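A short write-up of the structure that comes next.
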Amino acid sequence: MDGFTRYALFYAPPAGPLADFGAAWLGWDPRNGKRVAHPALPGLPLPVAEITETPRKYGFHGTLKPPFTLKPGFDVAELHNATEALATTLPPVLLDGLKLARIGGFLALVPEGDTTQLALLAARLVEALDGFRAAPEEDELARRRKPGLSARQEVLLQQWGYPYVMEEFLFHLTLSGNLPETLTDAVAERLRPVVEPLLPRPFRIREICLFGEGQDGRFHHLHRYTLSG
């Protein structure tokens, strides 16, 4: 698990049709660390490779603790051990399901139903593992601020290294980069009948995953932890 530039805690679907779809749609399988051929899906307004270029490097996932660089003096084995111990204290999360939705200019799968327990899970991971996180460099802070942050998001950025955590957290599994609204709607219309039969109902999060960003600039699945609290 050494040799990675950043680490993150993600939700990644267990092996099965949804995970297979996500890997093929994005063109990257983080579990096996290899490229995957995109599905043939006629009627899209753009090639799948263009639609998915931005999220491809991360793999199919929902962020729980955003990517961070390890603080000097810590190694990934310590992060792994701490995450493994923490997972034994955290209960699984049950949600009504997942649905395809547009968030701003991109498409994602988002949870349906009460997300309170999911938000608590993410907040606990952010807080409990924050001691492993190195403070972000100024260029990273500038990049985070570029889209424009609220006053509260700026406070969160300073405290946790990322502006969309705690009460600003919005769980989603990204399916596209930012697209013009007309193109986003056209992709959604074509994608919906393909993805909806794969969506779990109810949607259970029983595991969290440690991912690492490799020298290739892509995120790789390193370990899966059962939530057994």
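For the structure tokens, the naming scheme is as follows: chains receive sequential letters (A, B, ...) according to their order of presentation, residues are indexed from 1 within each chain, and ligands are indexed from 1 in presentation order.
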Just the helix (DSSP H, G or I) stuff from segment 151-195 of chain A, please, per backbone DSSP, written as a PyMOL selection string.
chain A and resi 151-160+166-168+181-195
Suppose we keep N, CA and C atoms; can you now write the selection as an mmCIF file, in the first residue's frame?
```cif
data_model
loop_
_atom_site.group_PDB
_atom_site.id
_atom_site.type_symbol
_atom_site.label_atom_id
_atom_site.label_comp_id
_atom_site.auth_asym_id
_atom_site.auth_seq_id
_atom_site.Cartn_x
_atom_site.Cartn_y
_atom_site.Cartn_z
ATOM 1 N N ALA A 151 -19.004 31.437 3.333
ATOM 2 C CA ALA A 151 -18.200 31.671 4.530
ATOM 3 C C ALA A 151 -18.027 30.380 5.326
ATOM 4 N N ARG A 152 -19.095 29.600 5.433
ATOM 5 C CA ARG A 152 -19.009 28.345 6.176
ATOM 6 C C ARG A 152 -18.105 27.347 5.478
ATOM 7 N N GLN A 153 -18.165 27.271 4.156
ATOM 8 C CA GLN A 153 -17.306 26.368 3.409
ATOM 9 C C GLN A 153 -15.838 26.745 3.563
ATOM 10 N N GLU A 154 -15.551 28.017 3.650
ATOM 11 C CA GLU A 154 -14.174 28.465 3.888
ATOM 12 C C GLU A 154 -13.689 28.000 5.263
ATOM 13 N N VAL A 155 -14.557 28.075 6.270
ATOM 14 C CA VAL A 155 -14.193 27.593 7.606
ATOM 15 C C VAL A 155 -13.899 26.096 7.558
ATOM 16 N N LEU A 156 -14.749 25.332 6.867
ATOM 17 C CA LEU A 156 -14.549 23.889 6.754
ATOM 18 C C LEU A 156 -13.257 23.574 6.008
ATOM 19 N N LEU A 157 -12.962 24.330 4.978
ATOM 20 C CA LEU A 157 -11.717 24.148 4.230
ATOM 21 C C LEU A 157 -10.516 24.339 5.153
ATOM 22 N N GLN A 158 -10.561 25.374 5.963
ATOM 23 C CA GLN A 158 -9.451 25.644 6.871
ATOM 24 C C GLN A 158 -9.337 24.562 7.947
ATOM 25 N N GLN A 159 -10.486 24.077 8.441
ATOM 26 C CA GLN A 159 -10.465 23.124 9.548
ATOM 27 C C GLN A 159 -10.164 21.702 9.107
ATOM 28 N N TRP A 160 -10.760 21.289 7.966
ATOM 29 C CA TRP A 160 -10.684 19.885 7.566
ATOM 30 C C TRP A 160 -9.991 19.659 6.227
ATOM 31 N N MET A 166 -18.940 17.665 6.666
ATOM 32 C CA MET A 166 -19.853 17.981 7.768
ATOM 33 C C MET A 166 -21.216 18.389 7.211
ATOM 34 N N GLU A 167 -21.762 19.527 7.571
ATOM 35 C CA GLU A 167 -23.112 19.874 7.111
ATOM 36 C C GLU A 167 -23.166 20.205 5.627
ATOM 37 N N GLU A 168 -22.013 20.381 4.976
ATOM 38 C CA GLU A 168 -21.963 20.625 3.531
ATOM 39 C C GLU A 168 -21.795 19.334 2.727
ATOM 40 N N GLU A 181 -26.303 21.991 -19.692
ATOM 41 C CA GLU A 181 -27.543 21.386 -19.195
ATOM 42 C C GLU A 181 -28.223 20.508 -20.241
ATOM 43 N N THR A 182 -28.259 20.967 -21.485
ATOM 44 C CA THR A 182 -28.942 20.186 -22.524
ATOM 45 C C THR A 182 -28.245 18.844 -22.743
ATOM 46 N N LEU A 183 -26.906 18.841 -22.695
ATOM 47 C CA LEU A 183 -26.177 17.594 -22.871
ATOM 48 C C LEU A 183 -26.341 16.684 -21.656
ATOM 49 N N THR A 184 -26.341 17.281 -20.457
ATOM 50 C CA THR A 184 -26.525 16.486 -19.242
ATOM 51 C C THR A 184 -27.865 15.771 -19.278
ATOM 52 N N ASP A 185 -28.901 16.480 -19.669
ATOM 53 C CA ASP A 185 -30.237 15.878 -19.732
ATOM 54 C C ASP A 185 -30.289 14.781 -20.792
ATOM 55 N N ALA A 186 -29.601 14.997 -21.903
ATOM 56 C CA ALA A 186 -29.602 13.991 -22.972
ATOM 57 C C ALA A 186 -28.862 12.726 -22.527
ATOM 58 N N VAL A 187 -27.754 12.889 -21.821
ATOM 59 C CA VAL A 187 -27.030 11.724 -21.299
ATOM 60 C C VAL A 187 -27.889 10.983 -20.285
ATOM 61 N N ALA A 188 -28.543 11.738 -19.401
ATOM 62 C CA ALA A 188 -29.391 11.117 -18.375
ATOM 63 C C ALA A 188 -30.518 10.314 -19.007
ATOM 64 N N GLU A 189 -31.123 10.853 -20.033
ATOM 65 C CA GLU A 189 -32.237 10.159 -20.696
ATOM 66 C C GLU A 189 -31.780 8.833 -21.288
ATOM 67 N N ARG A 190 -30.575 8.829 -21.851
ATOM 68 C CA ARG A 190 -30.070 7.597 -22.471
ATOM 69 C C ARG A 190 -29.535 6.619 -21.422
ATOM 70 N N LEU A 191 -28.991 7.169 -20.332
ATOM 71 C CA LEU A 191 -28.356 6.336 -19.317
ATOM 72 C C LEU A 191 -29.363 5.714 -18.348
ATOM 73 N N ARG A 192 -30.459 6.412 -18.101
ATOM 74 C CA ARG A 192 -31.402 5.986 -17.055
ATOM 75 C C ARG A 192 -31.901 4.548 -17.239
ATOM 76 N N PRO A 193 -32.373 4.148 -18.411
ATOM 77 C CA PRO A 193 -32.866 2.760 -18.531
ATOM 78 C C PRO A 193 -31.777 1.708 -18.400
ATOM 79 N N VAL A 194 -30.516 2.103 -18.557
ATOM 80 C CA VAL A 194 -29.404 1.160 -18.402
ATOM 81 C C VAL A 194 -29.042 0.984 -16.942
ATOM 82 N N VAL A 195 -28.992 2.100 -16.199
ATOM 83 C CA VAL A 195 -28.486 2.049 -14.835
ATOM 84 C C VAL A 195 -29.568 1.739 -13.804
#
```
Interatomic distance (Å, one decimal) between atom CA of Gly59 of chain A and atom CA of Leu100 of chain A:
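Atom-to-atom, atom CA of Gly59 of chain A and atom CA of Leu100 of chain A are spaced 17.3 Å apart.
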Using only C-alpha atoms, the residue out of A:Ala77, A:Leu26, A:Leu109, A:Ile51 with shortest distance to Leu198 of chain A is A:Leu109
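Using only C-alpha atoms for every distance, the candidate list A:Phe106, A:Phe132, A:Tyr58, A:Phe169 yields A:Phe169 as the residue closest to Leu120 of chain A.
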Please, what distance in Å, to one decimal, runs between atom CA of His221 of chain A and atom CA of Pro92 of chain A?
19.9 Å
Who sits within 8 Å of Leu95 of chain A, only C-alpha atoms, same chain under 4 positions skipped, as a VMD selection string
chain A and resid 111 to 115 202 to 204
When you count only C-alpha atoms, which of these residues is closest to Thr174 of chain A: A:Ala12, A:Leu222, A:Ala128, A:Val93?
A:Ala12
Report the distance between atom CA of Asp20 of chain A and atom CA of Arg102 of chain A in Å, rounded to one decimal place.
21.8 Å
Which of segment 95-185 of chain A fall in strand (DSSP E), as a list in words
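Filtering segment 95-185 of chain A to strand (DSSP E) leaves Leu95, Gly97, Leu98, Lys99, Leu100, Ala101, Arg102, Ile103, Phe106, Leu107, Ala108, Leu109, Val110, Pro111, Glu112, Leu173 and Thr174 of chain A.
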Those same residues - N, CA, C and O atoms - I'd like them written as a PDB file, in the first residue's frame.
```
ATOM      1  N   LEU A  95     -30.226   2.920   3.590  1.00  0.00           N
ATOM      2  CA  LEU A  95     -30.941   3.990   2.890  1.00  0.00           C
ATOM      3  C   LEU A  95     -32.002   3.374   1.992  1.00  0.00           C
ATOM      4  O   LEU A  95     -31.958   2.186   1.679  1.00  0.00           O
ATOM      5  N   GLY A  97     -32.624   3.836  -1.188  1.00  0.00           N
ATOM      6  CA  GLY A  97     -32.149   3.414  -2.507  1.00  0.00           C
ATOM      7  C   GLY A  97     -31.208   4.445  -3.093  1.00  0.00           C
ATOM      8  O   GLY A  97     -30.759   5.371  -2.404  1.00  0.00           O
ATOM      9  N   LEU A  98     -30.908   4.273  -4.370  1.00  0.00           N
ATOM     10  CA  LEU A  98     -30.117   5.227  -5.144  1.00  0.00           C
ATOM     11  C   LEU A  98     -30.938   5.669  -6.344  1.00  0.00           C
ATOM     12  O   LEU A  98     -31.777   4.908  -6.845  1.00  0.00           O
ATOM     13  N   LYS A  99     -30.667   6.873  -6.824  1.00  0.00           N
ATOM     14  CA  LYS A  99     -31.338   7.353  -8.034  1.00  0.00           C
ATOM     15  C   LYS A  99     -30.362   8.189  -8.856  1.00  0.00           C
ATOM     16  O   LYS A  99     -29.398   8.753  -8.319  1.00  0.00           O
ATOM     17  N   LEU A 100     -30.606   8.253 -10.142  1.00  0.00           N
ATOM     18  CA  LEU A 100     -29.809   9.075 -11.049  1.00  0.00           C
ATOM     19  C   LEU A 100     -30.296  10.511 -10.943  1.00  0.00           C
ATOM     20  O   LEU A 100     -31.507  10.774 -11.010  1.00  0.00           O
ATOM     21  N   ALA A 101     -29.369  11.457 -10.772  1.00  0.00           N
ATOM     22  CA  ALA A 101     -29.755  12.852 -10.603  1.00  0.00           C
ATOM     23  C   ALA A 101     -28.682  13.754 -11.200  1.00  0.00           C
ATOM     24  O   ALA A 101     -27.535  13.352 -11.402  1.00  0.00           O
ATOM     25  N   ARG A 102     -29.081  14.981 -11.475  1.00  0.00           N
ATOM     26  CA  ARG A 102     -28.136  16.008 -11.919  1.00  0.00           C
ATOM     27  C   ARG A 102     -27.772  16.873 -10.729  1.00  0.00           C
ATOM     28  O   ARG A 102     -28.638  17.365 -10.016  1.00  0.00           O
ATOM     29  N   ILE A 103     -26.470  17.036 -10.488  1.00  0.00           N
ATOM     30  CA  ILE A 103     -25.977  17.925  -9.439  1.00  0.00           C
ATOM     31  C   ILE A 103     -25.199  19.033 -10.129  1.00  0.00           C
ATOM     32  O   ILE A 103     -24.093  18.816 -10.621  1.00  0.00           O
ATOM     33  N   PHE A 106     -23.243  18.094 -13.494  1.00  0.00           N
ATOM     34  CA  PHE A 106     -22.825  16.715 -13.724  1.00  0.00           C
ATOM     35  C   PHE A 106     -23.880  15.728 -13.233  1.00  0.00           C
ATOM     36  O   PHE A 106     -24.778  16.076 -12.454  1.00  0.00           O
ATOM     37  N   LEU A 107     -23.757  14.499 -13.711  1.00  0.00           N
ATOM     38  CA  LEU A 107     -24.668  13.426 -13.336  1.00  0.00           C
ATOM     39  C   LEU A 107     -24.041  12.547 -12.261  1.00  0.00           C
ATOM     40  O   LEU A 107     -22.834  12.319 -12.253  1.00  0.00           O
ATOM     41  N   ALA A 108     -24.892  12.047 -11.362  1.00  0.00           N
ATOM     42  CA  ALA A 108     -24.412  11.179 -10.294  1.00  0.00           C
ATOM     43  C   ALA A 108     -25.555  10.319  -9.792  1.00  0.00           C
ATOM     44  O   ALA A 108     -26.733  10.615 -10.035  1.00  0.00           O
ATOM     45  N   LEU A 109     -25.202   9.272  -9.069  1.00  0.00           N
ATOM     46  CA  LEU A 109     -26.171   8.512  -8.300  1.00  0.00           C
ATOM     47  C   LEU A 109     -26.198   9.088  -6.894  1.00  0.00           C
ATOM     48  O   LEU A 109     -25.149   9.260  -6.268  1.00  0.00           O
ATOM     49  N   VAL A 110     -27.377   9.405  -6.400  1.00  0.00           N
ATOM     50  CA  VAL A 110     -27.514  10.009  -5.075  1.00  0.00           C
ATOM     51  C   VAL A 110     -28.474   9.163  -4.245  1.00  0.00           C
ATOM     52  O   VAL A 110     -29.353   8.477  -4.789  1.00  0.00           O
ATOM     53  N   PRO A 111     -28.343   9.193  -2.925  1.00  0.00           N
ATOM     54  CA  PRO A 111     -29.207   8.359  -2.078  1.00  0.00           C
ATOM     55  C   PRO A 111     -30.609   8.921  -1.960  1.00  0.00           C
ATOM     56  O   PRO A 111     -30.826  10.133  -2.025  1.00  0.00           O
ATOM     57  N   GLU A 112     -31.560   8.028  -1.764  1.00  0.00           N
ATOM     58  CA  GLU A 112     -32.943   8.395  -1.484  1.00  0.00           C
ATOM     59  C   GLU A 112     -33.234   8.103  -0.012  1.00  0.00           C
ATOM     60  O   GLU A 112     -32.680   7.170   0.567  1.00  0.00           O
ATOM     61  N   LEU A 173     -22.221   9.298  -6.239  1.00  0.00           N
ATOM     62  CA  LEU A 173     -21.320   8.507  -7.058  1.00  0.00           C
ATOM     63  C   LEU A 173     -21.321   9.139  -8.448  1.00  0.00           C
ATOM     64  O   LEU A 173     -22.295   9.017  -9.196  1.00  0.00           O
ATOM     65  N   THR A 174     -20.232   9.817  -8.766  1.00  0.00           N
ATOM     66  CA  THR A 174     -20.172  10.645  -9.960  1.00  0.00           C
ATOM     67  C   THR A 174     -20.137   9.807 -11.234  1.00  0.00           C
ATOM     68  O   THR A 174     -19.402   8.823 -11.322  1.00  0.00           O
TER      69      THR A 174
END
```
Considering only C-alpha atoms, return as a PyMOL selection string whatever protein or nucleic-acid residues lie within 12 Å of Ala85 of chain A, sequence-local ones (same chain, fewer than 3 positions apart) excluded.
chain A and resi 78-82+88-90+125+128-129+225-229
Could you name the residues that touch Ala19 of chain A at 10 Å or less, counting only C-alpha atoms, but leaving out those on the same chain fewer than 4 positions away, as a VMD selection string?
chain A and resid 12 to 15 23 to 25 29 31 59 to 61 198
Next, the residues of the selection above should be written as a compact mmCIF listing (two decimals), in the first residue's frame with all heavy atoms.
```
# COMPACT_ATOMS: atom_id res chain seq x y z
N ALA A 12 -17.35 2.10 -2.18
CA ALA A 12 -17.30 1.50 -3.52
C ALA A 12 -18.19 0.28 -3.50
O ALA A 12 -18.11 -0.52 -2.56
CB ALA A 12 -15.87 1.13 -3.89
N PRO A 13 -19.07 0.11 -4.47
CA PRO A 13 -19.98 -1.03 -4.46
C PRO A 13 -19.20 -2.34 -4.41
O PRO A 13 -18.13 -2.46 -5.02
CB PRO A 13 -20.74 -0.91 -5.78
CG PRO A 13 -20.58 0.51 -6.19
CD PRO A 13 -19.25 0.95 -5.67
N PRO A 14 -19.71 -3.34 -3.70
CA PRO A 14 -19.08 -4.65 -3.72
C PRO A 14 -19.16 -5.26 -5.12
O PRO A 14 -19.92 -4.79 -5.97
CB PRO A 14 -19.91 -5.46 -2.71
CG PRO A 14 -21.23 -4.77 -2.65
CD PRO A 14 -20.94 -3.32 -2.87
N ALA A 15 -18.38 -6.30 -5.34
CA ALA A 15 -18.37 -6.95 -6.65
C ALA A 15 -19.78 -7.33 -7.07
O ALA A 15 -20.55 -7.87 -6.29
CB ALA A 15 -17.48 -8.20 -6.60
N ALA A 23 -17.29 0.57 -13.40
CA ALA A 23 -15.94 0.46 -13.94
C ALA A 23 -15.93 0.63 -15.46
O ALA A 23 -15.08 1.34 -16.01
CB ALA A 23 -15.34 -0.90 -13.56
N ALA A 24 -16.89 0.01 -16.13
CA ALA A 24 -16.94 0.11 -17.59
C ALA A 24 -17.35 1.52 -18.03
O ALA A 24 -16.78 2.08 -18.97
CB ALA A 24 -17.91 -0.93 -18.15
N TRP A 25 -18.34 2.08 -17.36
CA TRP A 25 -18.83 3.41 -17.74
C TRP A 25 -17.70 4.44 -17.62
O TRP A 25 -17.47 5.25 -18.52
CB TRP A 25 -20.02 3.80 -16.88
CG TRP A 25 -20.50 5.20 -17.10
CD1 TRP A 25 -20.37 6.26 -16.25
CD2 TRP A 25 -21.19 5.70 -18.25
NE1 TRP A 25 -20.92 7.38 -16.79
CE2 TRP A 25 -21.43 7.08 -18.03
CE3 TRP A 25 -21.61 5.13 -19.45
CZ2 TRP A 25 -22.09 7.89 -18.95
CZ3 TRP A 25 -22.27 5.94 -20.38
CH2 TRP A 25 -22.50 7.29 -20.13
N ASP A 29 -11.04 0.47 -13.62
CA ASP A 29 -11.37 -0.46 -12.55
C ASP A 29 -10.34 -0.32 -11.44
O ASP A 29 -9.22 -0.84 -11.56
CB ASP A 29 -11.39 -1.89 -13.09
CG ASP A 29 -11.76 -2.92 -12.02
OD1 ASP A 29 -11.96 -2.53 -10.86
OD2 ASP A 29 -11.84 -4.11 -12.35
N ARG A 31 -10.23 -1.65 -8.54
CA ARG A 31 -9.96 -2.89 -7.80
C ARG A 31 -8.81 -3.66 -8.44
O ARG A 31 -7.96 -4.22 -7.74
CB ARG A 31 -11.21 -3.78 -7.77
CG ARG A 31 -12.33 -3.24 -6.89
CD ARG A 31 -13.53 -4.15 -6.97
NE ARG A 31 -14.06 -4.22 -8.33
CZ ARG A 31 -14.97 -5.09 -8.74
NH1 ARG A 31 -15.43 -6.01 -7.91
NH2 ARG A 31 -15.43 -5.08 -9.98
N GLY A 59 -12.25 6.40 -10.15
CA GLY A 59 -13.02 5.17 -10.12
C GLY A 59 -14.44 5.44 -9.63
O GLY A 59 -14.77 6.54 -9.17
N PHE A 60 -15.27 4.43 -9.72
CA PHE A 60 -16.68 4.55 -9.35
C PHE A 60 -16.78 4.50 -7.82
O PHE A 60 -16.49 3.47 -7.21
CB PHE A 60 -17.46 3.42 -9.99
CG PHE A 60 -18.95 3.50 -9.84
CD1 PHE A 60 -19.64 4.64 -10.20
CD2 PHE A 60 -19.66 2.42 -9.36
CE1 PHE A 60 -21.01 4.71 -10.06
CE2 PHE A 60 -21.04 2.48 -9.22
CZ PHE A 60 -21.71 3.63 -9.58
N HIS A 61 -17.21 5.59 -7.20
CA HIS A 61 -17.15 5.68 -5.75
C HIS A 61 -18.05 6.80 -5.23
O HIS A 61 -18.46 7.68 -5.98
CB HIS A 61 -15.72 5.98 -5.31
CG HIS A 61 -15.38 7.45 -5.46
ND1 HIS A 61 -15.09 8.01 -6.68
CD2 HIS A 61 -15.34 8.45 -4.54
CE1 HIS A 61 -14.88 9.32 -6.52
NE2 HIS A 61 -15.02 9.61 -5.23
N LEU A 198 -29.99 -1.63 -12.15
CA LEU A 198 -28.85 -2.06 -11.34
C LEU A 198 -28.86 -1.46 -9.93
O LEU A 198 -28.07 -1.89 -9.07
CB LEU A 198 -27.53 -1.66 -12.03
CG LEU A 198 -27.35 -2.09 -13.48
CD1 LEU A 198 -26.03 -1.54 -14.01
CD2 LEU A 198 -27.38 -3.60 -13.60
```
Need the shell around Ala142 of chain A: protein/DNA/RNA residues with any atom at most 12 Å away, counting only C-alpha atoms. Skip same-chain ones fewer than 5 positions apart. Format as a PyMOL selection string?
chain A and resi 136-137+147-149+154+157-158+161-163
Skipping near chain neighbours, those fewer than 4 positions away, what residues fall within 10 Å of Gly3 of chain A using only C-alpha atoms, listed as an mmCIF file with N, CA and C atoms, in the first residue's frame?
```cif
data_model
loop_
_atom_site.group_PDB
_atom_site.id
_atom_site.type_symbol
_atom_site.label_atom_id
_atom_site.label_comp_id
_atom_site.auth_asym_id
_atom_site.auth_seq_id
_atom_site.Cartn_x
_atom_site.Cartn_y
_atom_site.Cartn_z
ATOM 1 N N VAL A 76 1.225 4.549 5.707
ATOM 2 C CA VAL A 76 -0.086 4.029 5.339
ATOM 3 C C VAL A 76 -0.480 2.830 6.191
ATOM 4 N N GLY A 212 -5.975 4.768 -2.783
ATOM 5 C CA GLY A 212 -4.753 5.548 -2.882
ATOM 6 C C GLY A 212 -4.551 6.052 -4.299
ATOM 7 N N GLU A 213 -4.037 7.265 -4.413
ATOM 8 C CA GLU A 213 -3.732 7.830 -5.731
ATOM 9 C C GLU A 213 -2.318 7.428 -6.115
ATOM 10 N N GLY A 214 -2.211 6.687 -7.212
ATOM 11 C CA GLY A 214 -0.923 6.169 -7.631
ATOM 12 C C GLY A 214 -0.112 7.170 -8.420
ATOM 13 N N GLN A 215 1.110 6.762 -8.775
ATOM 14 C CA GLN A 215 1.969 7.610 -9.599
ATOM 15 C C GLN A 215 1.374 7.829 -10.988
#
```
